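The structure appears right after this line, and notes come after that.
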Amino acid sequence: MTPALPTHPHAITTEGVVTGNGAPGIERMEVRLQRTAFSPHRHDTYAIGLTLAGVQRFRFRGSTWNCLPGQCHILHPDELHDGRAATDAGFAYRMVHIDPALLTPLTSGLPFVAQPVVDLNRFALPADRHIWHQEDELDSLAQLDLIETVARWLTQLGGEPSPQPSALAAKALQDVRDRIAQDPAARPAMAELERLSGLDRWTLARQFRAAFGTSPSRFRTCRQLARAQQLLSQGMPIAQAAADAGFADQSHFSRHFKRAYGITPGRWTSMLPGQALHTG
């Protein structure tokens with residue numbers, strides 16, 4: 001029998017973020033919100049969420065969507081969206097963020113799901129809910145299972161992407177991506193990335209987005225933010241985390257953090273277990 005996911009049948013009275021077990025390129029969390037709203041923001045990953053309680057409301061591609069308990073929302077990388085509770089009762093959901101580079105070997109490009117809210121029972125097997133069992137460890141086989149499940153969903157629900165991976169300089173693009181991820185704070189020069197890939201900057205930018213769903217610049221910033229977020233979760237002060245991640249100053253970091261996650265670093269930190277409210 002597939003283990004049941006937790007539910008929150010009553011109003012959400014305590015806001016918080018609980019990070020689950022993840023793996024390279026896979027992040028899982030449970031979020032409970034009542035008053036806090038996410039400003040418009042973007043991720044460089046696929047974002048796949050399951051509403052556990054309440055009604056989640058968000059704007060996406062010019063429309064307003066409501067996601068009810070038992071419904072799933074699927075957002076493509078680099079698509080602007082926000083998020084808030086539709087009622088005073090608040091809402092709770094579990095989220096999986098997955099690096100599109102993990103999916104491309106199993107999908108034809110990066111499938112786009114035009115209708116972002118779907119009934120889970122319409123397309124998913126009962127066992128597929130394991131992707132949100134964030135208390136479970138993600139060993140190598142569990143990672144493969146999660147990636148295969150998400151790839152299957154995207155292929156089933158999304159349209160045919162373009163261009164096809166065969167038309168892209170896959171190894172060159174991966175080399176550039178690895179170089180940026182290795183040390184995003186170093187800010188490699190475009191000329192270095194052109195030499196590394198053998199592509200001119202315009203071809204590189206166009207193919208990078210087709211392969212990974214976002215631009216090289218935004219990918220670099222998101223890697224910086226991920227590093228800073230990790231440091232904040234370990235208790236590092238905001239200004240120090242910003243500096244260690246390569247941002248010019250705390251103000252610069254806070255602007256980028258809010259664009260990426262929809263809330264300030266201080267507010268995000270205050271929602272972590274055992275954290276006091278910081279300013280941000």
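Ligands are numbered from 1 in the order shown, residues from 1 within each chain, and chains are lettered A, B, ... in the order they appear in the structure tokens.
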Within 12 Å of stretch 230-244 of chain A using only C-alpha atoms, minus same-chain residues under 6 positions, as a ChimeraX atom specification: /A:17-19,27,183-186,221,223-224,250-257,264-280
Could you pull the residues within 8 Å of A:Ala260, counting only C-alpha atoms, minus those fewer than 4 positions along the same chain, as a list in words? His41, Arg42, His43, Cys222 and His256 of chain A
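Closest approach to A:Val55 among A:Gln71, A:Thr36, A:Gln174, A:Thr87 is made by A:Thr87 (distances from only C-alpha atoms).
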Neighbour list for A:Ile12 as a PDB file with C-alpha atoms, in the first residue's frame, cut-off 7 Å, only C-alpha atoms, skip fewer than 5 positions in-chain:
ATOM      1  CA  ARG A  32       2.166  26.270   5.164  1.00  0.00           C
ATOM      2  CA  LEU A  33       0.917  29.799   4.530  1.00  0.00           C
ATOM      3  CA  GLN A  34      -1.916  31.955   5.797  1.00  0.00           C
ATOM      4  CA  ALA A  89      -8.049  29.518   6.248  1.00  0.00           C
ATOM      5  CA  GLY A  90      -4.658  29.525   4.512  1.00  0.00           C
ATOM      6  CA  PHE A  91      -3.249  26.590   2.588  1.00  0.00           C
TER       7      PHE A  91
END
Contacts of A:Asp128 within 10 Å, only C-alpha atoms, excl. fewer than 6 positions in-chain, as a PyMOL selection string: chain A and resi 2+120+145-146+149-150+153
Output for the residues just chosen: N, CA, C and O atoms as a PDB file, in the first residue's frame:
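New file out.pdb:
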ATOM      1  N   THR A   2       0.532   2.217  -0.846  1.00  0.00           N
ATOM      2  CA  THR A   2       1.290   3.459  -0.900  1.00  0.00           C
ATOM      3  C   THR A   2       1.012   4.304   0.342  1.00  0.00           C
ATOM      4  O   THR A   2      -0.143   4.544   0.681  1.00  0.00           O
ATOM      5  N   LEU A 120      -4.747  15.107  -9.866  1.00  0.00           N
ATOM      6  CA  LEU A 120      -3.736  14.063  -9.801  1.00  0.00           C
ATOM      7  C   LEU A 120      -4.289  12.707 -10.220  1.00  0.00           C
ATOM      8  O   LEU A 120      -3.620  11.938 -10.924  1.00  0.00           O
ATOM      9  N   ASP A 145      13.667   6.805  -9.900  1.00  0.00           N
ATOM     10  CA  ASP A 145      12.219   6.613  -9.912  1.00  0.00           C
ATOM     11  C   ASP A 145      11.502   7.954  -9.956  1.00  0.00           C
ATOM     12  O   ASP A 145      10.540   8.151 -10.711  1.00  0.00           O
ATOM     13  N   LEU A 146      11.952   8.902  -9.144  1.00  0.00           N
ATOM     14  CA  LEU A 146      11.326  10.224  -9.123  1.00  0.00           C
ATOM     15  C   LEU A 146      11.482  10.920 -10.475  1.00  0.00           C
ATOM     16  O   LEU A 146      10.520  11.487 -11.013  1.00  0.00           O
ATOM     17  N   THR A 149       9.227   9.345 -13.044  1.00  0.00           N
ATOM     18  CA  THR A 149       7.824   9.694 -12.815  1.00  0.00           C
ATOM     19  C   THR A 149       7.512  11.080 -13.363  1.00  0.00           C
ATOM     20  O   THR A 149       6.525  11.280 -14.084  1.00  0.00           O
ATOM     21  N   VAL A 150       8.353  12.054 -13.023  1.00  0.00           N
ATOM     22  CA  VAL A 150       8.112  13.425 -13.486  1.00  0.00           C
ATOM     23  C   VAL A 150       8.221  13.505 -15.002  1.00  0.00           C
ATOM     24  O   VAL A 150       7.411  14.168 -15.665  1.00  0.00           O
ATOM     25  N   TRP A 153       5.038  12.244 -16.515  1.00  0.00           N
ATOM     26  CA  TRP A 153       3.948  13.213 -16.390  1.00  0.00           C
ATOM     27  C   TRP A 153       4.077  14.323 -17.426  1.00  0.00           C
ATOM     28  O   TRP A 153       3.113  14.688 -18.094  1.00  0.00           O
TER      29      TRP A 153
END
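Taking atom CA of A:Ala172 and atom CA of A:Asp139 as the two end points, the separation is 28.6 Å.
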Name the closest residue to A:Lys258 among the candidates A:Ala205, A:Ala245, A:Ala151, A:Leu225; distances are taken between atoms, counting only C-alpha atoms. A:Leu225
Measuring between only C-alpha atoms, which one of A:Trp132, A:Tyr261, A:Phe112, A:Phe38 shows the shortest distance to A:Gly20? A:Trp132
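Shortest atom-to-atom contact with A:Ser197 among A:Ala181, A:Ala210, A:Ile98, A:Leu173: A:Leu173, counting only C-alpha atoms.
Minimum distance to A:Ala47 across A:Phe208, A:Tyr93, A:Trp65, A:Phe123 (counting only C-alpha atoms) occurs at A:Tyr93.
The gap separating atom CA of A:Glu30 from atom CA of A:Asn66 is 18.2 Å, in Å to one decimal.
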